[in-house]
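File shown: target.pdb (PDB, N, CA and C atoms and all ligand atoms).
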```
ATOM      1  N   MET A   1     142.274  47.420  92.943
ATOM      2  CA  MET A   1     141.871  47.545  91.545
ATOM      3  C   MET A   1     140.820  48.650  91.458
ATOM      4  N   GLY A   2     141.009  49.587  90.550
ATOM      5  CA  GLY A   2     140.005  50.623  90.417
ATOM      6  C   GLY A   2     140.472  51.770  89.568
ATOM      7  N   THR A   3     139.607  52.769  89.516
ATOM      8  CA  THR A   3     139.922  53.977  88.762
ATOM      9  C   THR A   3     139.377  55.167  89.530
ATOM     10  N   PHE A   4     140.057  56.295  89.414
ATOM     11  CA  PHE A   4     139.598  57.525  90.040
ATOM     12  C   PHE A   4     139.427  58.550  88.929
ATOM     13  N   SER A   5     138.231  59.116  88.825
ATOM     14  CA  SER A   5     137.942  60.040  87.733
ATOM     15  C   SER A   5     137.139  61.231  88.242
ATOM     16  N   HIS A   6     137.181  62.316  87.498
ATOM     17  CA  HIS A   6     136.343  63.469  87.822
ATOM     18  C   HIS A   6     135.969  64.199  86.535
ATOM     19  N   LEU A   7     134.917  65.005  86.615
ATOM     20  CA  LEU A   7     134.502  65.766  85.440
ATOM     21  C   LEU A   7     135.277  67.068  85.336
ATOM     22  N   GLY A   8     135.482  67.534  84.128
ATOM     23  CA  GLY A   8     136.134  68.824  83.923
ATOM     24  C   GLY A   8     135.492  69.519  82.739
ATOM     25  N   TYR A   9     135.604  70.838  82.704
ATOM     26  CA  TYR A   9     135.060  71.583  81.577
ATOM     27  C   TYR A   9     136.215  72.161  80.767
ATOM     28  N   ASP A  10     136.242  71.837  79.491
ATOM     29  CA  ASP A  10     137.272  72.351  78.586
ATOM     30  C   ASP A  10     136.721  73.617  77.933
ATOM     31  N   SER A  11     137.166  74.776  78.421
ATOM     32  CA  SER A  11     136.595  76.024  77.895
ATOM     33  C   SER A  11     137.061  76.300  76.461
ATOM     34  N   ASP A  12     138.215  75.759  76.048
ATOM     35  CA  ASP A  12     138.658  75.944  74.661
ATOM     36  C   ASP A  12     137.730  75.220  73.693
ATOM     37  N   ALA A  13     137.336  74.007  74.081
ATOM     38  CA  ALA A  13     136.487  73.196  73.204
ATOM     39  C   ALA A  13     135.010  73.348  73.555
ATOM     40  N   ALA A  14     134.717  74.067  74.643
ATOM     41  CA  ALA A  14     133.349  74.220  75.138
ATOM     42  C   ALA A  14     132.681  72.852  75.299
ATOM     43  N   ALA A  15     133.359  71.964  76.025
ATOM     44  CA  ALA A  15     132.828  70.611  76.193
ATOM     45  C   ALA A  15     133.198  70.063  77.570
ATOM     46  N   VAL A  16     132.313  69.218  78.072
ATOM     47  CA  VAL A  16     132.601  68.514  79.327
ATOM     48  C   VAL A  16     133.420  67.273  78.997
ATOM     49  N   ASN A  17     134.490  67.069  79.732
ATOM     50  CA  ASN A  17     135.304  65.866  79.582
ATOM     51  C   ASN A  17     135.373  65.136  80.910
ATOM     52  N   LEU A  18     135.621  63.848  80.838
ATOM     53  CA  LEU A  18     135.829  63.086  82.066
ATOM     54  C   LEU A  18     137.326  62.803  82.186
ATOM     55  N   HIS A  19     137.924  63.295  83.261
ATOM     56  CA  HIS A  19     139.366  63.130  83.468
ATOM     57  C   HIS A  19     139.630  61.887  84.311
ATOM     58  N   ILE A  20     140.409  60.979  83.778
ATOM     59  CA  ILE A  20     140.803  59.793  84.542
ATOM     60  C   ILE A  20     142.133  60.126  85.221
ATOM     61  N   VAL A  21     142.133  60.083  86.541
ATOM     62  CA  VAL A  21     143.339  60.436  87.289
ATOM     63  C   VAL A  21     144.239  59.216  87.444
ATOM     64  N   ASP A  22     143.632  58.057  87.671
ATOM     65  CA  ASP A  22     144.443  56.844  87.815
ATOM     66  C   ASP A  22     143.608  55.617  87.486
ATOM     67  N   LEU A  23     144.293  54.618  86.997
ATOM     68  CA  LEU A  23     143.675  53.312  86.706
ATOM     69  C   LEU A  23     144.673  52.267  87.173
ATOM     70  N   TYR A  24     144.207  51.341  87.986
ATOM     71  CA  TYR A  24     145.144  50.348  88.511
ATOM     72  C   TYR A  24     144.464  48.992  88.635
ATOM     73  N   VAL A  25     145.138  47.968  88.117
ATOM     74  CA  VAL A  25     144.674  46.585  88.268
ATOM     75  C   VAL A  25     145.767  45.816  89.011
ATOM     76  N   ASP A  26     145.389  45.101  90.049
ATOM     77  CA  ASP A  26     146.343  44.316  90.837
ATOM     78  C   ASP A  26     147.144  43.387  89.916
ATOM     79  N   VAL A  27     148.420  43.257  90.209
ATOM     80  CA  VAL A  27     149.318  42.460  89.359
ATOM     81  C   VAL A  27     148.729  41.073  89.069
ATOM     82  N   LYS A  28     148.173  40.443  90.097
ATOM     83  CA  LYS A  28     147.650  39.064  89.934
ATOM     84  C   LYS A  28     146.412  39.012  89.038
ATOM     85  N   ALA A  29     145.746  40.147  88.870
ATOM     86  CA  ALA A  29     144.496  40.157  88.096
ATOM     87  C   ALA A  29     144.682  40.694  86.676
ATOM     88  N   ARG A  30     145.917  41.009  86.313
ATOM     89  CA  ARG A  30     146.131  41.622  84.993
ATOM     90  C   ARG A  30     145.961  40.634  83.843
ATOM     91  N   LYS A  31     145.729  41.196  82.663
ATOM     92  CA  LYS A  31     145.582  40.450  81.411
ATOM     93  C   LYS A  31     144.394  39.495  81.441
ATOM     94  N   GLN A  32     143.376  39.844  82.233
ATOM     95  CA  GLN A  32     142.153  39.034  82.279
ATOM     96  C   GLN A  32     140.933  39.886  81.946
ATOM     97  N   GLY A  33     141.163  41.076  81.438
ATOM     98  CA  GLY A  33     140.043  41.913  81.003
ATOM     99  C   GLY A  33     139.565  42.930  82.018
ATOM    100  N   ALA A  34     140.178  42.963  83.217
ATOM    101  CA  ALA A  34     139.696  43.888  84.262
ATOM    102  C   ALA A  34     139.922  45.347  83.863
ATOM    103  N   GLY A  35     141.089  45.657  83.323
ATOM    104  CA  GLY A  35     141.387  47.039  82.933
ATOM    105  C   GLY A  35     140.408  47.523  81.877
ATOM    106  N   LYS A  36     140.157  46.677  80.892
ATOM    107  CA  LYS A  36     139.218  47.037  79.825
ATOM    108  C   LYS A  36     137.817  47.226  80.395
ATOM    109  N   ALA A  37     137.420  46.351  81.353
ATOM    110  CA  ALA A  37     136.096  46.458  81.973
ATOM    111  C   ALA A  37     135.986  47.771  82.747
ATOM    112  N   LEU A  38     137.052  48.161  83.454
ATOM    113  CA  LEU A  38     137.025  49.428  84.196
ATOM    114  C   LEU A  38     136.902  50.608  83.234
ATOM    115  N   MET A  39     137.642  50.563  82.125
ATOM    116  CA  MET A  39     137.560  51.654  81.139
ATOM    117  C   MET A  39     136.174  51.701  80.496
ATOM    118  N   SER A  40     135.558  50.534  80.271
ATOM    119  CA  SER A  40     134.196  50.506  79.711
ATOM    120  C   SER A  40     133.212  51.138  80.679
ATOM    121  N   LYS A  41     133.387  50.847  81.979
ATOM    122  CA  LYS A  41     132.496  51.416  82.993
ATOM    123  C   LYS A  41     132.647  52.937  83.033
ATOM    124  N   VAL A  42     133.898  53.400  82.994
ATOM    125  CA  VAL A  42     134.143  54.848  82.991
ATOM    126  C   VAL A  42     133.509  55.481  81.747
ATOM    127  N   ALA A  43     133.616  54.808  80.600
ATOM    128  CA  ALA A  43     133.020  55.330  79.360
ATOM    129  C   ALA A  43     131.507  55.414  79.495
ATOM    130  N   SER A  44     130.911  54.419  80.152
ATOM    131  CA  SER A  44     129.447  54.456  80.287
ATOM    132  C   SER A  44     129.040  55.582  81.236
ATOM    133  N   ILE A  45     129.824  55.839  82.284
ATOM    134  CA  ILE A  45     129.548  56.974  83.185
ATOM    135  C   ILE A  45     129.707  58.283  82.405
ATOM    136  N   ALA A  46     130.746  58.364  81.569
ATOM    137  CA  ALA A  46     130.978  59.583  80.776
ATOM    138  C   ALA A  46     129.765  59.864  79.882
ATOM    139  N   ARG A  47     129.236  58.832  79.252
ATOM    140  CA  ARG A  47     128.061  59.023  78.387
ATOM    141  C   ARG A  47     126.863  59.487  79.212
ATOM    142  N   GLU A  48     126.682  58.860  80.390
ATOM    143  CA  GLU A  48     125.537  59.207  81.252
ATOM    144  C   GLU A  48     125.550  60.681  81.640
ATOM    145  N   VAL A  49     126.748  61.212  81.930
ATOM    146  CA  VAL A  49     126.834  62.595  82.417
ATOM    147  C   VAL A  49     127.038  63.595  81.287
ATOM    148  N   GLY A  50     127.047  63.122  80.050
ATOM    149  CA  GLY A  50     127.145  64.027  78.907
ATOM    150  C   GLY A  50     128.557  64.471  78.573
ATOM    151  N   ALA A  51     129.548  63.732  79.052
ATOM    152  CA  ALA A  51     130.933  64.083  78.700
ATOM    153  C   ALA A  51     131.209  63.659  77.262
ATOM    154  N   ARG A  52     132.002  64.479  76.570
ATOM    155  CA  ARG A  52     132.290  64.183  75.171
ATOM    156  C   ARG A  52     133.417  63.172  75.034
ATOM    157  N   GLU A  53     134.451  63.349  75.865
ATOM    158  CA  GLU A  53     135.630  62.490  75.783
ATOM    159  C   GLU A  53     136.128  62.139  77.168
ATOM    160  N   MET A  54     136.940  61.108  77.226
ATOM    161  CA  MET A  54     137.709  60.801  78.429
ATOM    162  C   MET A  54     139.144  61.214  78.139
ATOM    163  N   ILE A  55     139.812  61.704  79.160
ATOM    164  CA  ILE A  55     141.164  62.231  78.963
ATOM    165  C   ILE A  55     142.023  61.830  80.159
ATOM    166  N   TRP A  56     143.285  61.515  79.914
ATOM    167  CA  TRP A  56     144.178  61.097  80.997
ATOM    168  C   TRP A  56     145.623  61.222  80.535
ATOM    169  N   SER A  57     146.539  61.043  81.468
ATOM    170  CA  SER A  57     147.959  61.144  81.128
ATOM    171  C   SER A  57     148.632  59.784  81.308
ATOM    172  N   VAL A  58     149.705  59.591  80.557
ATOM    173  CA  VAL A  58     150.489  58.349  80.648
ATOM    174  C   VAL A  58     151.966  58.738  80.613
ATOM    175  N   TYR A  59     152.755  58.218  81.531
ATOM    176  CA  TYR A  59     154.204  58.465  81.460
ATOM    177  C   TYR A  59     154.762  57.834  80.185
ATOM    178  N   HIS A  60     155.672  58.540  79.536
ATOM    179  CA  HIS A  60     156.289  58.010  78.311
ATOM    180  C   HIS A  60     156.859  56.613  78.544
ATOM    181  N   ALA A  61     157.407  56.396  79.748
ATOM    182  CA  ALA A  61     158.083  55.118  80.037
ATOM    183  C   ALA A  61     157.098  53.960  80.233
ATOM    184  N   ASN A  62     155.815  54.267  80.416
ATOM    185  CA  ASN A  62     154.834  53.212  80.715
ATOM    186  C   ASN A  62     154.333  52.576  79.408
ATOM    187  N   LYS A  63     155.169  51.706  78.861
ATOM    188  CA  LYS A  63     154.865  51.090  77.562
ATOM    189  C   LYS A  63     153.654  50.155  77.650
ATOM    190  N   ILE A  64     153.506  49.477  78.800
ATOM    191  CA  ILE A  64     152.378  48.537  78.942
ATOM    192  C   ILE A  64     151.052  49.288  78.890
ATOM    193  N   ALA A  65     150.972  50.387  79.680
ATOM    194  CA  ALA A  65     149.727  51.169  79.687
ATOM    195  C   ALA A  65     149.478  51.786  78.309
ATOM    196  N   THR A  66     150.541  52.253  77.662
ATOM    197  CA  THR A  66     150.387  52.853  76.328
ATOM    198  C   THR A  66     149.784  51.840  75.367
ATOM    199  N   LYS A  67     150.322  50.623  75.394
ATOM    200  CA  LYS A  67     149.823  49.553  74.513
ATOM    201  C   LYS A  67     148.359  49.242  74.840
ATOM    202  N   PHE A  68     148.090  49.160  76.167
ATOM    203  CA  PHE A  68     146.729  48.869  76.640
ATOM    204  C   PHE A  68     145.743  49.916  76.107
ATOM    205  N   TYR A  69     146.080  51.204  76.264
ATOM    206  CA  TYR A  69     145.163  52.263  75.830
ATOM    207  C   TYR A  69     145.031  52.302  74.306
ATOM    208  N   GLU A  70     146.135  52.121  73.606
ATOM    209  CA  GLU A  70     146.066  52.136  72.137
ATOM    210  C   GLU A  70     145.211  50.970  71.636
ATOM    211  N   ASN A  71     145.310  49.857  72.368
ATOM    212  CA  ASN A  71     144.479  48.690  72.050
ATOM    213  C   ASN A  71     142.986  49.011  72.151
ATOM    214  N   LEU A  72     142.643  49.906  73.091
ATOM    215  CA  LEU A  72     141.236  50.300  73.262
ATOM    216  C   LEU A  72     140.787  51.259  72.162
ATOM    217  N   GLY A  73     141.771  51.824  71.431
ATOM    218  CA  GLY A  73     141.433  52.793  70.383
ATOM    219  C   GLY A  73     141.745  54.233  70.769
ATOM    220  N   ALA A  74     142.368  54.428  71.939
ATOM    221  CA  ALA A  74     142.691  55.783  72.389
ATOM    222  C   ALA A  74     143.790  56.388  71.516
ATOM    223  N   GLN A  75     143.739  57.719  71.402
ATOM    224  CA  GLN A  75     144.745  58.439  70.611
ATOM    225  C   GLN A  75     145.549  59.376  71.497
ATOM    226  N   ARG A  76     146.796  59.572  71.123
ATOM    227  CA  ARG A  76     147.635  60.535  71.832
ATOM    228  C   ARG A  76     147.220  61.956  71.477
ATOM    229  N   ILE A  77     147.293  62.849  72.477
ATOM    230  CA  ILE A  77     147.041  64.267  72.244
ATOM    231  C   ILE A  77     148.395  64.932  72.031
ATOM    232  N   SER A  78     148.515  65.739  70.976
ATOM    233  CA  SER A  78     149.816  66.367  70.730
ATOM    234  C   SER A  78     149.781  67.884  70.900
ATOM    235  N   ASP A  79     148.575  68.454  71.101
ATOM    236  CA  ASP A  79     148.510  69.915  71.167
ATOM    237  C   ASP A  79     148.305  70.450  72.593
ATOM    238  N   VAL A  80     148.523  69.578  73.594
ATOM    239  CA  VAL A  80     148.363  69.980  74.996
ATOM    240  C   VAL A  80     149.588  69.494  75.759
ATOM    241  N   PHE A  81     150.028  70.260  76.753
ATOM    242  CA  PHE A  81     151.115  69.773  77.601
ATOM    243  C   PHE A  81     150.779  70.002  79.068
ATOM    244  N   PHE A  82     151.453  69.255  79.946
ATOM    245  CA  PHE A  82     151.247  69.391  81.377
ATOM    246  C   PHE A  82     152.100  70.516  81.919
ATOM    247  N   MET A  83     151.594  71.170  82.956
ATOM    248  CA  MET A  83     152.404  72.141  83.689
ATOM    249  C   MET A  83     152.307  71.803  85.163
ATOM    250  N   LYS A  84     153.304  72.202  85.946
ATOM    251  CA  LYS A  84     153.254  72.015  87.389
ATOM    252  C   LYS A  84     153.883  73.213  88.071
ATOM    253  N   LEU A  85     153.515  73.415  89.341
ATOM    254  CA  LEU A  85     154.034  74.528  90.128
ATOM    255  C   LEU A  85     154.124  74.065  91.574
ATOM    256  N   ARG A  86     155.242  74.282  92.200
ATOM    257  CA  ARG A  86     155.394  73.884  93.596
ATOM    258  C   ARG A  86     154.331  74.580  94.442
ATOM    259  N   ALA A  87     153.769  73.826  95.402
ATOM    260  CA  ALA A  87     152.694  74.379  96.233
ATOM    261  C   ALA A  87     153.160  75.560  97.052
ATOM    262  N   ASP A  88     154.454  75.645  97.364
ATOM    263  CA  ASP A  88     154.945  76.764  98.165
ATOM    264  C   ASP A  88     155.515  77.899  97.300
ATOM    265  N   ALA A  89     155.231  77.844  95.990
ATOM    266  CA  ALA A  89     155.789  78.863  95.083
ATOM    267  C   ALA A  89     155.003  80.169  95.117
ATOM    268  N   LEU A  90     153.762  80.120  95.536
ATOM    269  CA  LEU A  90     152.939  81.332  95.552
ATOM    270  C   LEU A  90     152.519  81.668  96.984
TER     271      LEU A  90
HETATM  272  C1  LIG B   1     147.476  49.057  82.290
HETATM  273  C2  LIG B   1     146.580  48.099  83.098
HETATM  274  C3  LIG B   1     145.480  48.915  83.792
HETATM  275  C4  LIG B   1     145.945  47.078  82.134
HETATM  276  O1  LIG B   1     145.009  46.307  82.879
HETATM  277  P1  LIG B   1     144.682  44.765  82.472
HETATM  278  O2  LIG B   1     143.556  44.344  83.366
HETATM  279  O3  LIG B   1     145.904  43.954  82.512
HETATM  280  O4  LIG B   1     144.219  44.922  80.957
HETATM  281  P2  LIG B   1     143.171  43.960  80.197
HETATM  282  O5  LIG B   1     143.357  42.545  80.666
HETATM  283  O6  LIG B   1     141.798  44.524  80.317
HETATM  284  O7  LIG B   1     143.710  44.083  78.712
HETATM  285  C5  LIG B   1     143.009  44.774  77.690
HETATM  286  C6  LIG B   1     143.796  44.693  76.426
HETATM  287  O8  LIG B   1     145.101  45.281  76.592
HETATM  288  C7  LIG B   1     146.113  44.326  76.308
HETATM  289  N1  LIG B   1     147.197  44.361  77.286
HETATM  290  C8  LIG B   1     147.074  44.417  78.620
HETATM  291  N2  LIG B   1     148.295  44.342  79.196
HETATM  292  C9  LIG B   1     149.174  44.212  78.168
HETATM  293  C10 LIG B   1     150.575  44.065  78.110
HETATM  294  N3  LIG B   1     151.323  43.976  79.231
HETATM  295  N4  LIG B   1     151.184  43.986  76.910
HETATM  296  C11 LIG B   1     150.451  44.007  75.762
HETATM  297  N5  LIG B   1     149.092  44.130  75.755
HETATM  298  C12 LIG B   1     148.487  44.240  76.947
HETATM  299  C13 LIG B   1     145.431  42.968  76.455
HETATM  300  O9  LIG B   1     146.066  42.008  75.653
HETATM  301  C14 LIG B   1     144.019  43.239  75.998
HETATM  302  O10 LIG B   1     143.916  43.163  74.601
HETATM  303  P3  LIG B   1     142.627  42.453  73.918
HETATM  304  O11 LIG B   1     141.421  43.263  74.342
HETATM  305  O12 LIG B   1     142.947  42.547  72.466
HETATM  306  O13 LIG B   1     142.601  41.068  74.472
HETATM  307  C15 LIG B   1     147.425  47.314  84.146
HETATM  308  O14 LIG B   1     148.544  46.747  83.502
HETATM  309  C16 LIG B   1     147.909  48.162  85.328
HETATM  310  O15 LIG B   1     147.187  48.353  86.317
HETATM  311  N6  LIG B   1     149.158  48.638  85.284
HETATM  312  C17 LIG B   1     149.781  49.375  86.398
HETATM  313  C18 LIG B   1     149.144  50.723  86.617
HETATM  314  C19 LIG B   1     149.200  51.568  85.377
HETATM  315  O16 LIG B   1     150.210  51.647  84.691
HETATM  316  N7  LIG B   1     148.064  52.231  85.117
HETATM  317  C20 LIG B   1     147.950  53.139  84.000
HETATM  318  C21 LIG B   1     148.424  54.495  84.434
HETATM  319  S1  LIG B   1     148.344  55.646  83.082
END
```

Kindly transcribe the structure held in the file into structure tokens.
Ligand SMILES: CC(C)(COP(=O)(O)OP(=O)(O)OC[C@H]1O[C@@H](n2cnc3c(N)ncnc32)[C@H](O)[C@@H]1OP(=O)(O)O)[C@@H](O)C(=O)NCCC(=O)NCCS
Amino acid sequence: MGTFSHLGYDSDAAAVNLHIVDLYVDVKARKQGAGKALMSKVASIAREVGAREMIWSVYHANKIATKFYENLGAQRISDVFFMKLRADAL
């Protein structure tokens, strides 16, 4: 159970954001408030370090996580997309 996060600087918005790379709660511990508690802790760290927002990605197919995040009040971003490049491409 845990979360992995790091700070990033958004040069378009001129703001520090906290990027959540992963959030995971053990199957047996789900629906007992652990995920929300982890997100609250990350939010408090974000405030401490002066980050404006927390940002992360969710697979379209992950309906449970989508519901969970929307329940927290999170909004979908529509003006940004992911890109990837094979490590051996350059
Ligand atoms: C998504 C995940 C982190 C949620 O963790 P959790 O500990 O079960 O969530 P919580 O118990 O803190 O739930 C918080 C709220 O979300 C809601 N929620 C959680 N799971 C839900 C589900 N399966 N369906 C509907 N609502 C759900 C809860 O009802 C609760 O609402 P409330 O505050 O109104 O009571 C957990 O399901 C998980 O680890 N999933 C696998 C990994 C994953 O998909 N991570 C996200 C990657 S983007």

Using the file's own x, y and z axes, so that the box edges lie along x, y and z, what centre and edge lengths in Å (one decimal) does a box around every listed atom of ligand LIG 1 (chain B) get when 6 Å is added on each side? Give it as AutoDock Vina command-line options.
```
--center_x 146.4 --center_y 48.4 --center_z 79.5 --size_x 21.9 --size_y 26.6 --size_z 26.2
```

Pick the closest to ligand LIG 1 (chain B) from A:Glu70, A:Glu48, A:Glu53, A:Asp10: which is it, counting only C-alpha atoms and all ligand atoms?
->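 Smallest separation from ligand LIG 1 (chain B) among the options: A:Glu70.
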
Ligand LIG 1 (chain B) neighbours within 6.5 Å using all atoms listed in the file, as a ChimeraX atom specification = /A:22-26,29-37,57-59,62,64-69,71-72

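One distance worth recording is that between CA of Ile45 in chain A and CA of Phe81 in chain A, which is 25.7 Å.
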
Please provide as a VMD selection string all residues within 5 Å of Ile20 in chain A, with the sequence filter that same-chain residues fewer than 3 positions apart are discarded (counting all atoms listed in the file).
-> chain A and resid 4 to 5 55 to 56

Per DSSP on the backbone, what are the strand (DSSP E) residues of chain A, as a PyMOL selection string?
-> chain A and resi 2-10+15-24+53-55

Written as number ranges by chain, which residues does the PyMOL selection byres (((chain A and resi 51 and name CA) around 9) and not hetatm and name CA) give for the file shown?
-> A: 7-8, 15-18, 45-50, 52-54

Let's have the selection written as a PDB file, in the frame of the given file, with N, CA and C atoms.
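Now in out.pdb:
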```
ATOM      1  N   LEU A   7     134.917  65.005  86.615  1.00  0.00           N
ATOM      2  CA  LEU A   7     134.502  65.766  85.440  1.00  0.00           C
ATOM      3  C   LEU A   7     135.277  67.068  85.336  1.00  0.00           C
ATOM      4  N   GLY A   8     135.482  67.534  84.128  1.00  0.00           N
ATOM      5  CA  GLY A   8     136.134  68.824  83.923  1.00  0.00           C
ATOM      6  C   GLY A   8     135.492  69.519  82.739  1.00  0.00           C
ATOM      7  N   ALA A  15     133.359  71.964  76.025  1.00  0.00           N
ATOM      8  CA  ALA A  15     132.828  70.611  76.193  1.00  0.00           C
ATOM      9  C   ALA A  15     133.198  70.063  77.570  1.00  0.00           C
ATOM     10  N   VAL A  16     132.313  69.218  78.072  1.00  0.00           N
ATOM     11  CA  VAL A  16     132.601  68.514  79.327  1.00  0.00           C
ATOM     12  C   VAL A  16     133.420  67.273  78.997  1.00  0.00           C
ATOM     13  N   ASN A  17     134.490  67.069  79.732  1.00  0.00           N
ATOM     14  CA  ASN A  17     135.304  65.866  79.582  1.00  0.00           C
ATOM     15  C   ASN A  17     135.373  65.136  80.910  1.00  0.00           C
ATOM     16  N   LEU A  18     135.621  63.848  80.838  1.00  0.00           N
ATOM     17  CA  LEU A  18     135.829  63.086  82.066  1.00  0.00           C
ATOM     18  C   LEU A  18     137.326  62.803  82.186  1.00  0.00           C
ATOM     19  N   ILE A  45     129.824  55.839  82.284  1.00  0.00           N
ATOM     20  CA  ILE A  45     129.548  56.974  83.185  1.00  0.00           C
ATOM     21  C   ILE A  45     129.707  58.283  82.405  1.00  0.00           C
ATOM     22  N   ALA A  46     130.746  58.364  81.569  1.00  0.00           N
ATOM     23  CA  ALA A  46     130.978  59.583  80.776  1.00  0.00           C
ATOM     24  C   ALA A  46     129.765  59.864  79.882  1.00  0.00           C
ATOM     25  N   ARG A  47     129.236  58.832  79.252  1.00  0.00           N
ATOM     26  CA  ARG A  47     128.061  59.023  78.387  1.00  0.00           C
ATOM     27  C   ARG A  47     126.863  59.487  79.212  1.00  0.00           C
ATOM     28  N   GLU A  48     126.682  58.860  80.390  1.00  0.00           N
ATOM     29  CA  GLU A  48     125.537  59.207  81.252  1.00  0.00           C
ATOM     30  C   GLU A  48     125.550  60.681  81.640  1.00  0.00           C
ATOM     31  N   VAL A  49     126.748  61.212  81.930  1.00  0.00           N
ATOM     32  CA  VAL A  49     126.834  62.595  82.417  1.00  0.00           C
ATOM     33  C   VAL A  49     127.038  63.595  81.287  1.00  0.00           C
ATOM     34  N   GLY A  50     127.047  63.122  80.050  1.00  0.00           N
ATOM     35  CA  GLY A  50     127.145  64.027  78.907  1.00  0.00           C
ATOM     36  C   GLY A  50     128.557  64.471  78.573  1.00  0.00           C
ATOM     37  N   ARG A  52     132.002  64.479  76.570  1.00  0.00           N
ATOM     38  CA  ARG A  52     132.290  64.183  75.171  1.00  0.00           C
ATOM     39  C   ARG A  52     133.417  63.172  75.034  1.00  0.00           C
ATOM     40  N   GLU A  53     134.451  63.349  75.865  1.00  0.00           N
ATOM     41  CA  GLU A  53     135.630  62.490  75.783  1.00  0.00           C
ATOM     42  C   GLU A  53     136.128  62.139  77.168  1.00  0.00           C
ATOM     43  N   MET A  54     136.940  61.108  77.226  1.00  0.00           N
ATOM     44  CA  MET A  54     137.709  60.801  78.429  1.00  0.00           C
ATOM     45  C   MET A  54     139.144  61.214  78.139  1.00  0.00           C
TER      46      MET A  54
END
```

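All residues within chain A that the backbone DSSP calculation assigns to alpha helix (DSSP H) are Ala34, Gly35, Lys36, Ala37, Leu38, Met39, Ser40, Lys41, Val42, Ala43, Ser44, Ile45, Ala46, Arg47, Glu48, Lys63, Ile64, Ala65, Thr66, Lys67, Phe68, Tyr69, Glu70, Asn71 and Leu72 of chain A.
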
Grab the residues selected above and save them as a short mmCIF file (atom, residue, chain, number, x, y, z; two decimals), in the frame of the given file with N, CA and C atoms.
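In the end it all went to out15.cif:
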```
data_model
loop_
_atom_site.label_atom_id
_atom_site.label_comp_id
_atom_site.auth_asym_id
_atom_site.auth_seq_id
_atom_site.Cartn_x
_atom_site.Cartn_y
_atom_site.Cartn_z
N ALA A 34 140.18 42.96 83.22
CA ALA A 34 139.70 43.89 84.26
C ALA A 34 139.92 45.35 83.86
N GLY A 35 141.09 45.66 83.32
CA GLY A 35 141.39 47.04 82.93
C GLY A 35 140.41 47.52 81.88
N LYS A 36 140.16 46.68 80.89
CA LYS A 36 139.22 47.04 79.82
C LYS A 36 137.82 47.23 80.40
N ALA A 37 137.42 46.35 81.35
CA ALA A 37 136.10 46.46 81.97
C ALA A 37 135.99 47.77 82.75
N LEU A 38 137.05 48.16 83.45
CA LEU A 38 137.02 49.43 84.20
C LEU A 38 136.90 50.61 83.23
N MET A 39 137.64 50.56 82.12
CA MET A 39 137.56 51.65 81.14
C MET A 39 136.17 51.70 80.50
N SER A 40 135.56 50.53 80.27
CA SER A 40 134.20 50.51 79.71
C SER A 40 133.21 51.14 80.68
N LYS A 41 133.39 50.85 81.98
CA LYS A 41 132.50 51.42 82.99
C LYS A 41 132.65 52.94 83.03
N VAL A 42 133.90 53.40 82.99
CA VAL A 42 134.14 54.85 82.99
C VAL A 42 133.51 55.48 81.75
N ALA A 43 133.62 54.81 80.60
CA ALA A 43 133.02 55.33 79.36
C ALA A 43 131.51 55.41 79.50
N SER A 44 130.91 54.42 80.15
CA SER A 44 129.45 54.46 80.29
C SER A 44 129.04 55.58 81.24
N ILE A 45 129.82 55.84 82.28
CA ILE A 45 129.55 56.97 83.18
C ILE A 45 129.71 58.28 82.40
N ALA A 46 130.75 58.36 81.57
CA ALA A 46 130.98 59.58 80.78
C ALA A 46 129.76 59.86 79.88
N ARG A 47 129.24 58.83 79.25
CA ARG A 47 128.06 59.02 78.39
C ARG A 47 126.86 59.49 79.21
N GLU A 48 126.68 58.86 80.39
CA GLU A 48 125.54 59.21 81.25
C GLU A 48 125.55 60.68 81.64
N LYS A 63 155.17 51.71 78.86
CA LYS A 63 154.86 51.09 77.56
C LYS A 63 153.65 50.16 77.65
N ILE A 64 153.51 49.48 78.80
CA ILE A 64 152.38 48.54 78.94
C ILE A 64 151.05 49.29 78.89
N ALA A 65 150.97 50.39 79.68
CA ALA A 65 149.73 51.17 79.69
C ALA A 65 149.48 51.79 78.31
N THR A 66 150.54 52.25 77.66
CA THR A 66 150.39 52.85 76.33
C THR A 66 149.78 51.84 75.37
N LYS A 67 150.32 50.62 75.39
CA LYS A 67 149.82 49.55 74.51
C LYS A 67 148.36 49.24 74.84
N PHE A 68 148.09 49.16 76.17
CA PHE A 68 146.73 48.87 76.64
C PHE A 68 145.74 49.92 76.11
N TYR A 69 146.08 51.20 76.26
CA TYR A 69 145.16 52.26 75.83
C TYR A 69 145.03 52.30 74.31
N GLU A 70 146.14 52.12 73.61
CA GLU A 70 146.07 52.14 72.14
C GLU A 70 145.21 50.97 71.64
N ASN A 71 145.31 49.86 72.37
CA ASN A 71 144.48 48.69 72.05
C ASN A 71 142.99 49.01 72.15
N LEU A 72 142.64 49.91 73.09
CA LEU A 72 141.24 50.30 73.26
C LEU A 72 140.79 51.26 72.16
#
```

Got a sec to write range 49-53 of chain A of the block to a file, N, CA and C atoms, as an mmCIF file, in the first residue's frame?
```cif
data_model
loop_
_atom_site.group_PDB
_atom_site.id
_atom_site.type_symbol
_atom_site.label_atom_id
_atom_site.label_comp_id
_atom_site.auth_asym_id
_atom_site.auth_seq_id
_atom_site.Cartn_x
_atom_site.Cartn_y
_atom_site.Cartn_z
ATOM 1 N N VAL A 49 5.340 21.894 0.272
ATOM 2 C CA VAL A 49 6.431 22.229 -0.652
ATOM 3 C C VAL A 49 6.037 23.317 -1.642
ATOM 4 N N GLY A 50 4.833 23.851 -1.512
ATOM 5 C CA GLY A 50 4.415 24.963 -2.363
ATOM 6 C C GLY A 50 3.906 24.552 -3.733
ATOM 7 N N ALA A 51 3.525 23.291 -3.878
ATOM 8 C CA ALA A 51 2.962 22.861 -5.169
ATOM 9 C C ALA A 51 1.537 23.387 -5.293
ATOM 10 N N ARG A 52 1.175 23.759 -6.523
ATOM 11 C CA ARG A 52 -0.156 24.316 -6.738
ATOM 12 C C ARG A 52 -1.203 23.224 -6.890
ATOM 13 N N GLU A 53 -0.833 22.174 -7.633
ATOM 14 C CA GLU A 53 -1.773 21.092 -7.917
ATOM 15 C C GLU A 53 -1.079 19.751 -7.835
#
```
